[in-house]
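K.L.:
Coordinates in model.pdb, PDB, C-alpha atoms and all ligand atoms, are listed below.
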```pdb
MODEL        1
ATOM      1  CA  MET A   1     110.646 101.951 101.462
ATOM      2  CA  ALA A   2     109.094  99.039  99.601
ATOM      3  CA  ARG A   3     110.792  97.803  96.477
ATOM      4  CA  VAL A   4     110.545  94.913  94.092
ATOM      5  CA  PRO A   5     113.188  92.238  94.609
ATOM      6  CA  GLU A   6     115.505  92.431  91.604
ATOM      7  CA  LEU A   7     117.725  89.962  89.808
ATOM      8  CA  PRO A   8     120.235  89.382  92.657
ATOM      9  CA  GLU A   9     117.473  88.732  95.211
ATOM     10  CA  VAL A  10     115.535  86.471  92.835
ATOM     11  CA  GLU A  11     118.681  84.628  91.743
ATOM     12  CA  THR A  12     119.712  84.100  95.383
ATOM     13  CA  THR A  13     116.237  82.717  96.099
ATOM     14  CA  ARG A  14     116.381  80.542  92.965
ATOM     15  CA  ARG A  15     119.689  78.975  93.985
ATOM     16  CA  HIS A  16     118.351  77.989  97.399
ATOM     17  CA  LEU A  17     115.146  76.663  95.861
ATOM     18  CA  ALA A  18     117.048  74.630  93.260
ATOM     19  CA  VAL A  19     119.070  72.841  95.930
ATOM     20  CA  ALA A  20     115.912  72.022  97.882
ATOM     21  CA  VAL A  21     113.511  70.874  95.158
ATOM     22  CA  GLU A  22     115.280  69.930  91.916
ATOM     23  CA  GLY A  23     114.638  66.234  91.268
ATOM     24  CA  GLU A  24     111.995  66.142  93.997
ATOM     25  CA  THR A  25     108.321  65.333  93.535
ATOM     26  CA  LEU A  26     105.727  67.725  94.930
ATOM     27  CA  VAL A  27     103.021  65.957  96.907
ATOM     28  CA  TRP A  28     100.755  68.736  98.159
ATOM     29  CA  ALA A  29     100.015  72.416  97.613
ATOM     30  CA  GLU A  30      97.806  75.045  99.221
ATOM     31  CA  VAL A  31      96.911  78.607  98.201
ATOM     32  CA  GLY A  32      96.169  80.709 101.290
ATOM     33  CA  ARG A  33      94.777  83.666  99.367
ATOM     34  CA  ASP A  34      93.102  83.332  95.991
ATOM     35  CA  ARG A  35      94.778  86.576  94.906
ATOM     36  CA  THR A  36      98.157  84.832  95.026
ATOM     37  CA  ALA A  37      96.952  82.447  92.279
ATOM     38  CA  ARG A  38      95.338  85.208  90.182
ATOM     39  CA  ARG A  39      97.542  84.559  87.158
ATOM     40  CA  ASN A  40      95.858  81.192  86.641
ATOM     41  CA  HIS A  41      92.258  80.939  85.431
ATOM     42  CA  ARG A  42      91.292  79.530  88.819
ATOM     43  CA  PRO A  43      93.278  79.015  92.045
ATOM     44  CA  ALA A  44      92.631  75.285  91.824
ATOM     45  CA  ASP A  45      94.880  75.203  88.744
ATOM     46  CA  VAL A  46      97.787  75.754  91.131
ATOM     47  CA  THR A  47      96.745  73.312  93.828
ATOM     48  CA  GLU A  48      95.614  70.599  91.398
ATOM     49  CA  ARG A  49      98.518  70.780  88.958
ATOM     50  CA  LEU A  50     101.472  70.763  91.374
ATOM     51  CA  PRO A  51     100.934  67.505  93.319
ATOM     52  CA  GLY A  52     102.541  64.513  91.612
ATOM     53  CA  ARG A  53     104.864  66.658  89.514
ATOM     54  CA  ARG A  54     108.626  66.273  89.568
ATOM     55  CA  VAL A  55     110.694  69.468  89.529
ATOM     56  CA  GLU A  56     113.118  69.063  86.629
ATOM     57  CA  ARG A  57     114.938  72.386  86.904
ATOM     58  CA  VAL A  58     114.547  75.674  88.744
ATOM     59  CA  GLY A  59     115.364  78.554  86.383
ATOM     60  CA  ARG A  60     114.806  82.283  86.261
ATOM     61  CA  VAL A  61     113.433  84.723  83.712
ATOM     62  CA  GLY A  62     114.348  88.259  84.752
ATOM     63  CA  LYS A  63     112.759  88.801  88.174
ATOM     64  CA  PHE A  64     110.616  85.643  87.963
ATOM     65  CA  ILE A  65     111.505  82.177  89.208
ATOM     66  CA  VAL A  66     110.416  79.648  86.589
ATOM     67  CA  ALA A  67     110.636  75.952  87.441
ATOM     68  CA  GLU A  68     110.138  73.298  84.787
ATOM     69  CA  LEU A  69     107.939  70.413  85.909
ATOM     70  CA  ASP A  70     107.403  67.076  84.233
ATOM     71  CA  GLY A  71     104.301  67.038  82.079
ATOM     72  CA  ASP A  72     105.456  70.233  80.320
ATOM     73  CA  LEU A  73     104.234  72.612  83.015
ATOM     74  CA  ARG A  74     105.969  75.743  84.256
ATOM     75  CA  TRP A  75     105.724  76.748  87.910
ATOM     76  CA  VAL A  76     106.223  80.510  88.167
ATOM     77  CA  ILE A  77     106.922  82.441  91.379
ATOM     78  CA  HIS A  78     107.047  86.239  91.533
ATOM     79  CA  LEU A  79     108.009  87.913  94.802
ATOM     80  CA  GLY A  80     106.113  91.122  93.980
ATOM     81  CA  MET A  81     106.825  94.069  96.273
ATOM     82  CA  SER A  82     107.236  92.363  99.601
ATOM     83  CA  GLY A  83     107.375  88.618  99.003
ATOM     84  CA  ARG A  84     109.998  86.141 100.094
ATOM     85  CA  ILE A  85     110.375  82.397  99.880
ATOM     86  CA  ARG A  86     110.898  80.289 102.985
ATOM     87  CA  LEU A  87     112.278  76.760 102.813
ATOM     88  CA  VAL A  88     111.396  74.880 105.988
ATOM     89  CA  GLY A  89     110.411  71.508 107.358
ATOM     90  CA  GLU A  90     106.681  70.827 107.304
ATOM     91  CA  SER A  91     106.404  71.078 111.110
ATOM     92  CA  GLU A  92     107.750  74.644 111.173
ATOM     93  CA  PRO A  93     105.079  77.126 112.389
ATOM     94  CA  LEU A  94     103.558  79.304 109.679
ATOM     95  CA  ASP A  95     104.662  82.905 109.339
ATOM     96  CA  PRO A  96     101.851  85.452 109.036
ATOM     97  CA  HIS A  97     100.985  86.152 105.386
ATOM     98  CA  THR A  98     102.033  82.716 104.160
ATOM     99  CA  ASN A  99      99.908  82.877 101.018
ATOM    100  CA  PHE A 100     101.152  79.753  99.284
ATOM    101  CA  ARG A 101     102.906  76.550 100.213
ATOM    102  CA  THR A 102     103.821  73.279  98.621
ATOM    103  CA  ARG A 103     105.607  70.230  99.976
ATOM    104  CA  THR A 104     108.050  67.714  98.514
ATOM    105  CA  ALA A 105     107.902  63.983  99.116
ATOM    106  CA  GLY A 106     110.923  64.526 101.368
ATOM    107  CA  GLY A 107     108.943  66.843 103.676
ATOM    108  CA  VAL A 108     110.443  70.180 102.622
ATOM    109  CA  GLU A 109     107.961  73.027 102.334
ATOM    110  CA  VAL A 110     108.292  75.943  99.941
ATOM    111  CA  ARG A 111     106.317  78.880 101.359
ATOM    112  CA  LEU A 112     105.606  82.294  99.862
ATOM    113  CA  VAL A 113     105.327  84.919 102.601
ATOM    114  CA  ASP A 114     103.878  88.058 101.023
ATOM    115  CA  PRO A 115     102.145  90.670 103.242
ATOM    116  CA  ARG A 116     101.221  93.051 100.412
ATOM    117  CA  THR A 117     100.110  90.267  98.006
ATOM    118  CA  PHE A 118     101.688  91.768  94.895
ATOM    119  CA  GLY A 119     103.529  88.486  94.396
ATOM    120  CA  PHE A 120     101.978  85.484  92.685
ATOM    121  CA  VAL A 121     102.355  81.776  92.058
ATOM    122  CA  ALA A 122     101.209  80.255  88.761
ATOM    123  CA  VAL A 123     101.364  76.856  87.111
ATOM    124  CA  TRP A 124     101.113  77.224  83.357
ATOM    125  CA  THR A 125     100.764  75.014  80.318
ATOM    126  CA  PRO A 126     102.921  75.980  77.294
ATOM    127  CA  GLU A 127      99.908  77.784  75.818
ATOM    128  CA  GLU A 128      99.280  79.759  79.006
ATOM    129  CA  TRP A 129     102.973  80.659  79.170
ATOM    130  CA  ALA A 130     102.942  81.891  75.564
ATOM    131  CA  GLY A 131      99.949  84.099  76.318
ATOM    132  CA  SER A 132     101.495  85.620  79.435
ATOM    133  CA  THR A 133     103.512  88.811  79.843
ATOM    134  CA  LEU A 134     106.540  86.698  80.765
ATOM    135  CA  ALA A 135     106.865  85.493  77.173
ATOM    136  CA  GLY A 136     107.786  89.070  76.159
ATOM    137  CA  ILE A 137     110.604  89.519  78.664
ATOM    138  CA  GLY A 138     113.927  90.482  77.095
ATOM    139  CA  ARG A 139     117.438  89.127  77.433
ATOM    140  CA  ASP A 140     118.708  88.383  80.901
ATOM    141  CA  ALA A 141     121.055  90.936  82.440
ATOM    142  CA  LEU A 142     123.111  88.205  84.112
ATOM    143  CA  ASP A 143     123.009  85.184  81.797
ATOM    144  CA  ASP A 144     122.472  86.745  78.376
ATOM    145  CA  LEU A 145     123.537  90.391  78.476
ATOM    146  CA  PRO A 146     123.442  91.991  75.002
ATOM    147  CA  SER A 147     126.876  92.849  73.589
ATOM    148  CA  ARG A 148     128.120  96.453  73.476
ATOM    149  CA  ASN A 149     127.046  96.696  69.826
ATOM    150  CA  GLU A 150     123.627  95.231  70.537
ATOM    151  CA  LEU A 151     123.188  97.602  73.452
ATOM    152  CA  ALA A 152     124.203 100.546  71.253
ATOM    153  CA  ALA A 153     121.660  99.477  68.621
ATOM    154  CA  ALA A 154     118.927  99.157  71.244
ATOM    155  CA  LEU A 155     119.648 102.629  72.679
ATOM    156  CA  ALA A 156     120.124 104.419  69.337
ATOM    157  CA  GLY A 157     117.601 107.180  68.787
ATOM    158  CA  ARG A 158     115.969 106.679  72.169
ATOM    159  CA  THR A 159     115.184 109.964  73.909
ATOM    160  CA  ALA A 160     113.920 108.375  77.133
ATOM    161  CA  PRO A 161     116.244 108.664  80.162
ATOM    162  CA  VAL A 162     118.751 105.833  80.270
ATOM    163  CA  LYS A 163     117.549 104.997  83.787
ATOM    164  CA  ALA A 164     114.014 104.412  82.497
ATOM    165  CA  LEU A 165     115.353 102.287  79.638
ATOM    166  CA  LEU A 166     117.306 100.116  82.063
ATOM    167  CA  LEU A 167     114.076  99.475  83.989
ATOM    168  CA  ASP A 168     112.294  98.322  80.788
ATOM    169  CA  GLN A 169     112.270  94.522  81.115
ATOM    170  CA  ARG A 170     111.809  94.095  77.345
ATOM    171  CA  LEU A 171     115.233  95.665  76.745
ATOM    172  CA  VAL A 172     117.260  93.952  79.473
ATOM    173  CA  ALA A 173     115.609  91.784  82.108
ATOM    174  CA  GLY A 174     116.376  91.783  85.811
ATOM    175  CA  LEU A 175     117.401  95.332  86.695
ATOM    176  CA  GLY A 176     115.182  97.394  88.988
ATOM    177  CA  ASN A 177     115.559 100.648  90.829
ATOM    178  CA  ILE A 178     118.486  99.737  93.088
ATOM    179  CA  TYR A 179     120.733  97.935  90.640
ATOM    180  CA  ALA A 180     120.029 100.342  87.740
ATOM    181  CA  ASP A 181     121.206 103.214  89.980
ATOM    182  CA  GLU A 182     124.296 101.251  90.988
ATOM    183  CA  VAL A 183     125.166 100.324  87.393
ATOM    184  CA  LEU A 184     124.858 103.957  86.252
ATOM    185  CA  ALA A 185     127.009 105.131  89.170
ATOM    186  CA  ARG A 186     129.796 102.727  88.314
ATOM    187  CA  ALA A 187     129.569 103.668  84.623
ATOM    188  CA  CYS A 188     129.603 107.430  85.461
ATOM    189  CA  ILE A 189     126.370 108.117  83.550
ATOM    190  CA  HIS A 190     123.676 110.540  84.757
ATOM    191  CA  PRO A 191     120.305 108.760  85.075
ATOM    192  CA  LEU A 192     118.489 111.462  83.047
ATOM    193  CA  ARG A 193     120.751 111.185  80.001
ATOM    194  CA  GLY A 194     118.786 110.203  76.914
ATOM    195  CA  GLY A 195     119.512 106.629  75.859
ATOM    196  CA  GLY A 196     120.509 107.719  72.355
ATOM    197  CA  SER A 197     122.906 110.409  73.651
ATOM    198  CA  LEU A 198     125.415 107.964  75.145
ATOM    199  CA  THR A 199     128.828 107.805  73.490
ATOM    200  CA  PRO A 200     130.314 104.433  72.475
ATOM    201  CA  ALA A 201     132.670 104.700  75.454
ATOM    202  CA  GLU A 202     129.748 105.288  77.822
ATOM    203  CA  ILE A 203     127.827 102.353  76.368
ATOM    204  CA  GLY A 204     130.934 100.242  76.894
ATOM    205  CA  ALA A 205     131.189 101.371  80.507
ATOM    206  CA  LEU A 206     127.486 100.695  81.042
ATOM    207  CA  HIS A 207     127.778  97.236  79.514
ATOM    208  CA  ASP A 208     130.828  96.408  81.614
ATOM    209  CA  ALA A 209     129.226  97.565  84.874
ATOM    210  CA  VAL A 210     126.150  95.309  84.725
ATOM    211  CA  GLY A 211     127.807  91.927  85.301
ATOM    212  CA  PRO A 212     130.050  92.926  88.229
ATOM    213  CA  VAL A 213     127.267  94.805  90.057
ATOM    214  CA  LEU A 214     124.866  91.871  89.757
ATOM    215  CA  ALA A 215     127.556  89.332  90.673
ATOM    216  CA  GLU A 216     128.486  91.338  93.745
ATOM    217  CA  GLY A 217     124.823  91.609  94.721
ATOM    218  CA  ILE A 218     124.362  87.847  94.430
ATOM    219  CA  GLN A 219     127.582  87.198  96.326
ATOM    220  CA  HIS A 220     126.119  89.106  99.272
ATOM    221  CA  GLY A 221     122.711  87.459  99.063
ATOM    222  CA  GLY A 222     121.032  90.533  97.559
ATOM    223  CA  THR A 223     119.836  93.688  99.274
ATOM    224  CA  SER A 224     117.601  93.492 102.336
ATOM    225  CA  LEU A 225     116.345  96.951 103.298
ATOM    226  CA  ASP A 226     115.496  97.996 106.839
ATOM    227  CA  ASP A 227     111.957  96.601 106.482
ATOM    228  CA  LEU A 228     113.422  93.084 106.001
ATOM    229  CA  ALA A 229     110.648  92.330 103.483
ATOM    230  CA  TYR A 230     113.185  90.430 101.428
ATOM    231  CA  LEU A 231     115.114  87.698 103.205
ATOM    232  CA  LEU A 232     116.981  84.643 101.978
ATOM    233  CA  PRO A 233     114.973  81.369 102.047
ATOM    234  CA  ASP A 234     116.907  80.336 105.177
ATOM    235  CA  GLY A 235     115.800  83.503 107.004
ATOM    236  CA  ARG A 236     119.042  85.477 106.790
ATOM    237  CA  ALA A 237     119.161  89.014 105.447
ATOM    238  CA  GLY A 238     121.035  89.899 102.255
ATOM    239  CA  THR A 239     123.942  92.211 103.048
ATOM    240  CA  TYR A 240     124.491  94.156  99.822
ATOM    241  CA  LEU A 241     122.844  97.238 101.371
ATOM    242  CA  ASP A 242     126.144  98.117 103.060
ATOM    243  CA  ARG A 243     127.955  98.096  99.714
ATOM    244  CA  LEU A 244     125.632 100.294  97.674
ATOM    245  CA  TRP A 245     127.359 103.347  96.206
ATOM    246  CA  VAL A 246     124.374 105.625  95.609
ATOM    247  CA  TYR A 247     120.959 103.991  96.104
ATOM    248  CA  GLY A 248     119.231 105.398  99.209
ATOM    249  CA  ARG A 249     122.333 107.424 100.086
ATOM    250  CA  ALA A 250     121.267 111.000  99.248
ATOM    251  CA  GLY A 251     123.500 113.412 101.179
ATOM    252  CA  GLU A 252     126.183 110.821 101.855
ATOM    253  CA  PRO A 253     129.613 111.082 100.173
ATOM    254  CA  CYS A 254     130.227 109.429  96.787
ATOM    255  CA  PRO A 255     132.674 106.556  97.414
ATOM    256  CA  ARG A 256     134.671 107.637  94.360
ATOM    257  CA  CYS A 257     135.006 111.409  94.854
ATOM    258  CA  GLY A 258     133.339 112.388  98.138
ATOM    259  CA  THR A 259     130.679 114.679  96.601
ATOM    260  CA  ALA A 260     127.259 114.409  98.271
ATOM    261  CA  ILE A 261     124.932 111.957  96.479
ATOM    262  CA  GLU A 262     121.775 113.556  95.064
ATOM    263  CA  ARG A 263     118.278 112.247  94.393
ATOM    264  CA  VAL A 264     116.098 112.933  91.360
ATOM    265  CA  VAL A 265     112.799 111.412  90.211
ATOM    266  CA  VAL A 266     112.957 109.512  86.912
ATOM    267  CA  ALA A 267     109.909 107.642  85.585
ATOM    268  CA  GLN A 268     108.153 108.098  88.964
ATOM    269  CA  ARG A 269     111.048 106.392  90.738
ATOM    270  CA  SER A 270     113.771 107.835  92.958
ATOM    271  CA  SER A 271     117.164 107.853  91.301
ATOM    272  CA  HIS A 272     120.382 108.438  93.166
ATOM    273  CA  PHE A 273     123.594 109.684  91.599
ATOM    274  CA  CYS A 274     126.824 111.591  92.167
ATOM    275  CA  PRO A 275     126.566 115.025  90.493
ATOM    276  CA  SER A 276     130.357 115.148  89.990
ATOM    277  CA  CYS A 277     130.966 111.659  88.591
ATOM    278  CA  GLN A 278     127.689 111.447  86.650
ATOM    279  CA  ARG A 279     127.234 114.661  84.648
ATOM    280  CA  ARG A 280     124.344 115.493  82.363
TER     281      ARG A 280
HETATM  282 ZN    ZN B   1     131.473 111.026  92.699
ENDMDL
END
```
Can you turn what I pasted into structure tokens?
P.N.:
Amino acid sequence: MARVPELPEVETTRRHLAVAVEGETLVWAEVGRDRTARRNHRPADVTERLPGRRVERVGRVGKFIVAELDGDLRWVIHLGMSGRIRLVGESEPLDPHTNFRTRTAGGVEVRLVDPRTFGFVAVWTPEEWAGSTLAGIGRDALDDLPSRNELAAALAGRTAPVKALLLDQRLVAGLGNIYADEVLARACIHPLRGGGSLTPAEIGALHDAVGPVLAEGIQHGGTSLDDLAYLLPDGRAGTYLDRLWVYGRAGEPCPRCGTAIERVVVAQRSSHFCPSCQRR
């Protein structure tokens, strides 16, 4: 059951990375597979631009880690479907599928382990950033959630299922399949409801569910599934899996009412919901 790491997993990774590299100068970089550097014009853009740069700040845009480097460059890391960041000393043996690594002057290595190679690392000039898909990403679900009124305006007239709208990174950035299901469960909204059909009270409940669900996910280091594709940079697993209400729990009892959780496909993705608490 592969899945894209979502905001809580990326934010957890970002926090570890910030502690390790903010204020540090990168001295070396290597791309193990050219595909990992595909978002630059040539892989050498990554390996030539990183060395000598100081990491000013490690930020996040939706599901992307975006570090600001001196010289007005942005270092972007996307975990893709199966990627994870490892933070280790330079003498640590390499994991299989280590497709990128860079090293600080202090000897800390940042490694991207990514068996399926959907992840990427890029180092972009301001012009390259502006021309990338990341420039069109919407407001952050954690740091910059639209107000209830703004959310209502964005959903008005939309006939698409609310679940699909929550996955649209131009509307709100950071939610993916797991956390969108969890937010809808807590807000008691069926995933197939049309975005424009939600009442003001439902929009309020939806708005109010986003922050707590994401905060709880981050508090538990995100969600590592059984495949352990996503792990924290120190090698531990995120433990939010045990606290999910509906995602991946078809047939299990709803924690609110005990009704068996059901599964439905929305926008080619599995959605999980309680048919009693979340009515159409
Ligand atoms: Zn229920």
K.L.:
Residues picked by the PyMOL selection byres (((not hetatm)) within 10 of (chain B and resi 1)) here, as JSON, numbers by chain?
P.N.:
{"A": [185, 186, 188, 245, 246, 253, 254, 255, 256, 257, 258, 259, 260, 261, 273, 274, 275, 276, 277, 278, 279]}
K.L.:
Would you put the residues from that selection into a file with C-alpha atoms, as a compact mmCIF listing (two decimals), in the frame of the given file?
P.N.:
```
# COMPACT_ATOMS: atom_id res chain seq x y z
CA ALA A 185 127.01 105.13 89.17
CA ARG A 186 129.80 102.73 88.31
CA CYS A 188 129.60 107.43 85.46
CA TRP A 245 127.36 103.35 96.21
CA VAL A 246 124.37 105.62 95.61
CA PRO A 253 129.61 111.08 100.17
CA CYS A 254 130.23 109.43 96.79
CA PRO A 255 132.67 106.56 97.41
CA ARG A 256 134.67 107.64 94.36
CA CYS A 257 135.01 111.41 94.85
CA GLY A 258 133.34 112.39 98.14
CA THR A 259 130.68 114.68 96.60
CA ALA A 260 127.26 114.41 98.27
CA ILE A 261 124.93 111.96 96.48
CA PHE A 273 123.59 109.68 91.60
CA CYS A 274 126.82 111.59 92.17
CA PRO A 275 126.57 115.02 90.49
CA SER A 276 130.36 115.15 89.99
CA CYS A 277 130.97 111.66 88.59
CA GLN A 278 127.69 111.45 86.65
CA ARG A 279 127.23 114.66 84.65
```
K.L.:
Determine, for each residue of stretch 167-192 of chain A having at least one atom at most 6 Å from an atom of stretch 119-138 of chain A, the closest pair of atoms and their separation in Å to one decimal, counting only C-alpha atoms; order by chain and ascending number, as JSON lines.
P.N.:
```
{"residue": "A:Gln169", "atom": "CA", "partner": "A:Ile137", "partner_atom": "CA", "distance": 5.8}
{"residue": "A:Arg170", "atom": "CA", "partner": "A:Gly138", "partner_atom": "CA", "distance": 4.2}
{"residue": "A:Leu171", "atom": "CA", "partner": "A:Gly138", "partner_atom": "CA", "distance": 5.4}
{"residue": "A:Val172", "atom": "CA", "partner": "A:Gly138", "partner_atom": "CA", "distance": 5.4}
{"residue": "A:Ala173", "atom": "CA", "partner": "A:Gly138", "partner_atom": "CA", "distance": 5.4}
```
K.L.:
Taking only C-alpha atoms into account, name the residue in A:Gln219, A:Asn99, A:Ser270, A:Asn149 that is nearest to A:Leu79.
P.N.:
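Ranking A:Gln219, A:Asn99, A:Ser270, A:Asn149 by distance to A:Leu79, first place goes to A:Asn99.
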K.L.:
Compile the contact shell of stretch 21-30 of chain A as a list in words: residues with an atom at most 7 Å away, counting all atoms listed in the file, same-chain residues fewer than 2 positions apart removed.
P.N.:
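What passes the distance filter is Leu17, Ala18, Val19, Gly32, Thr47, Leu50, Pro51, Gly52, Arg53, Arg54, Val55, Glu56, Arg57, Val58, Phe100, Arg101, Thr102, Arg103, Thr104 and Ala105 of chain A.
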K.L.:
Keeping only C-alpha atoms, write the selected residues as an mmCIF file, in the frame of the given file.
P.N.:
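Saved as out-v1.cif:
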```
data_model
loop_
_atom_site.group_PDB
_atom_site.id
_atom_site.type_symbol
_atom_site.label_atom_id
_atom_site.label_comp_id
_atom_site.auth_asym_id
_atom_site.auth_seq_id
_atom_site.Cartn_x
_atom_site.Cartn_y
_atom_site.Cartn_z
ATOM 1 C CA LEU A 17 115.146 76.663 95.861
ATOM 2 C CA ALA A 18 117.048 74.630 93.260
ATOM 3 C CA VAL A 19 119.070 72.841 95.930
ATOM 4 C CA GLY A 32 96.169 80.709 101.290
ATOM 5 C CA THR A 47 96.745 73.312 93.828
ATOM 6 C CA LEU A 50 101.472 70.763 91.374
ATOM 7 C CA PRO A 51 100.934 67.505 93.319
ATOM 8 C CA GLY A 52 102.541 64.513 91.612
ATOM 9 C CA ARG A 53 104.864 66.658 89.514
ATOM 10 C CA ARG A 54 108.626 66.273 89.568
ATOM 11 C CA VAL A 55 110.694 69.468 89.529
ATOM 12 C CA GLU A 56 113.118 69.063 86.629
ATOM 13 C CA ARG A 57 114.938 72.386 86.904
ATOM 14 C CA VAL A 58 114.547 75.674 88.744
ATOM 15 C CA PHE A 100 101.152 79.753 99.284
ATOM 16 C CA ARG A 101 102.906 76.550 100.213
ATOM 17 C CA THR A 102 103.821 73.279 98.621
ATOM 18 C CA ARG A 103 105.607 70.230 99.976
ATOM 19 C CA THR A 104 108.050 67.714 98.514
ATOM 20 C CA ALA A 105 107.902 63.983 99.116
#
```
K.L.:
I would like the residues chosen by the PyMOL selection byres (((chain A and resi 84-89) around 6) and not hetatm) on the shown file; could you give them as a list in words?
P.N.:
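Taken on the displayed file, the PyMOL selection byres (((chain A and resi 84-89) around 6) and not hetatm) yields the residues Leu79, Gly83, Glu90, Ser91, Glu92, Val108, Glu109, Val110, Arg111, Leu112, Val113, Tyr230 and Pro233 of chain A.
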K.L.:
If the PyMOL selection byres (((chain A and resi 207) around 12) and not hetatm) were run on this exact file, what residues would it hold? Put them as a ChimeraX atom specification.
P.N.:
/A:141-142,144-152,155,166,172,180,183-184,186-189,198,200-206,208-214
K.L.:
Provide the atom CA of A:Thr13 to atom CA of A:Ala267 distance in Å, to one decimal place.
P.N.:
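These two atoms are separated by 27.8 Å.
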K.L.:
In Å, with one decimal, what is the gap from atom CA of A:Val266 to atom CA of A:Gly174?
P.N.:
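Value for the atom CA of A:Val266-atom CA of A:Gly174 distance: 18.1 Å.
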K.L.:
Kindly compute an axis-aligned box around the listed atoms of stretch 173-177 of chain A, allowing 5 Å on each side, and express its centre and edge lengths in Å to one decimal as JSON.
P.N.:
```
{"center_x": 116.3, "center_y": 96.2, "center_z": 86.5, "size_x": 12.2, "size_y": 18.9, "size_z": 18.7}
```
K.L.:
One number please: atom CA of A:Trp75 to atom CA of A:Thr239, in Å, one decimal.
P.N.:
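Rounded to one decimal, the two atoms are 28.3 Å apart.
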K.L.:
With all atoms listed in the file as the atoms that count, which of A:Leu192, A:Gly221, A:Leu241, A:Glu216 lies nearest to A:Val264?
P.N.:
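The closest residue to A:Val264 is A:Leu192.
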K.L.:
Set the distance at 12 Å and use all atoms listed in the file: which residues neighbour A:Ser271 once local chain neighbours fewer than 6 positions away are removed? I'd like the list as a list in words.
P.N.:
Pro161, Val162, Lys163, Ala164, Leu167, Gly176, Asn177, Ile178, Tyr179, Ala180, Asp181, Glu182, Val183, Leu184, Ala185, His190, Pro191, Leu192, Val246, Tyr247, Gly248, Arg249, Ala250, Ile261, Glu262, Arg263, Val264 and Val265 of chain A
K.L.:
Check the smallest atom-to-atom distance from each of A:Arg116, A:Lys63, A:His97, A:Arg280 to A:Leu175 using only C-alpha atoms, then report the winner.
P.N.:
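With only C-alpha atoms as the atom set, the closest residue is A:Lys63.
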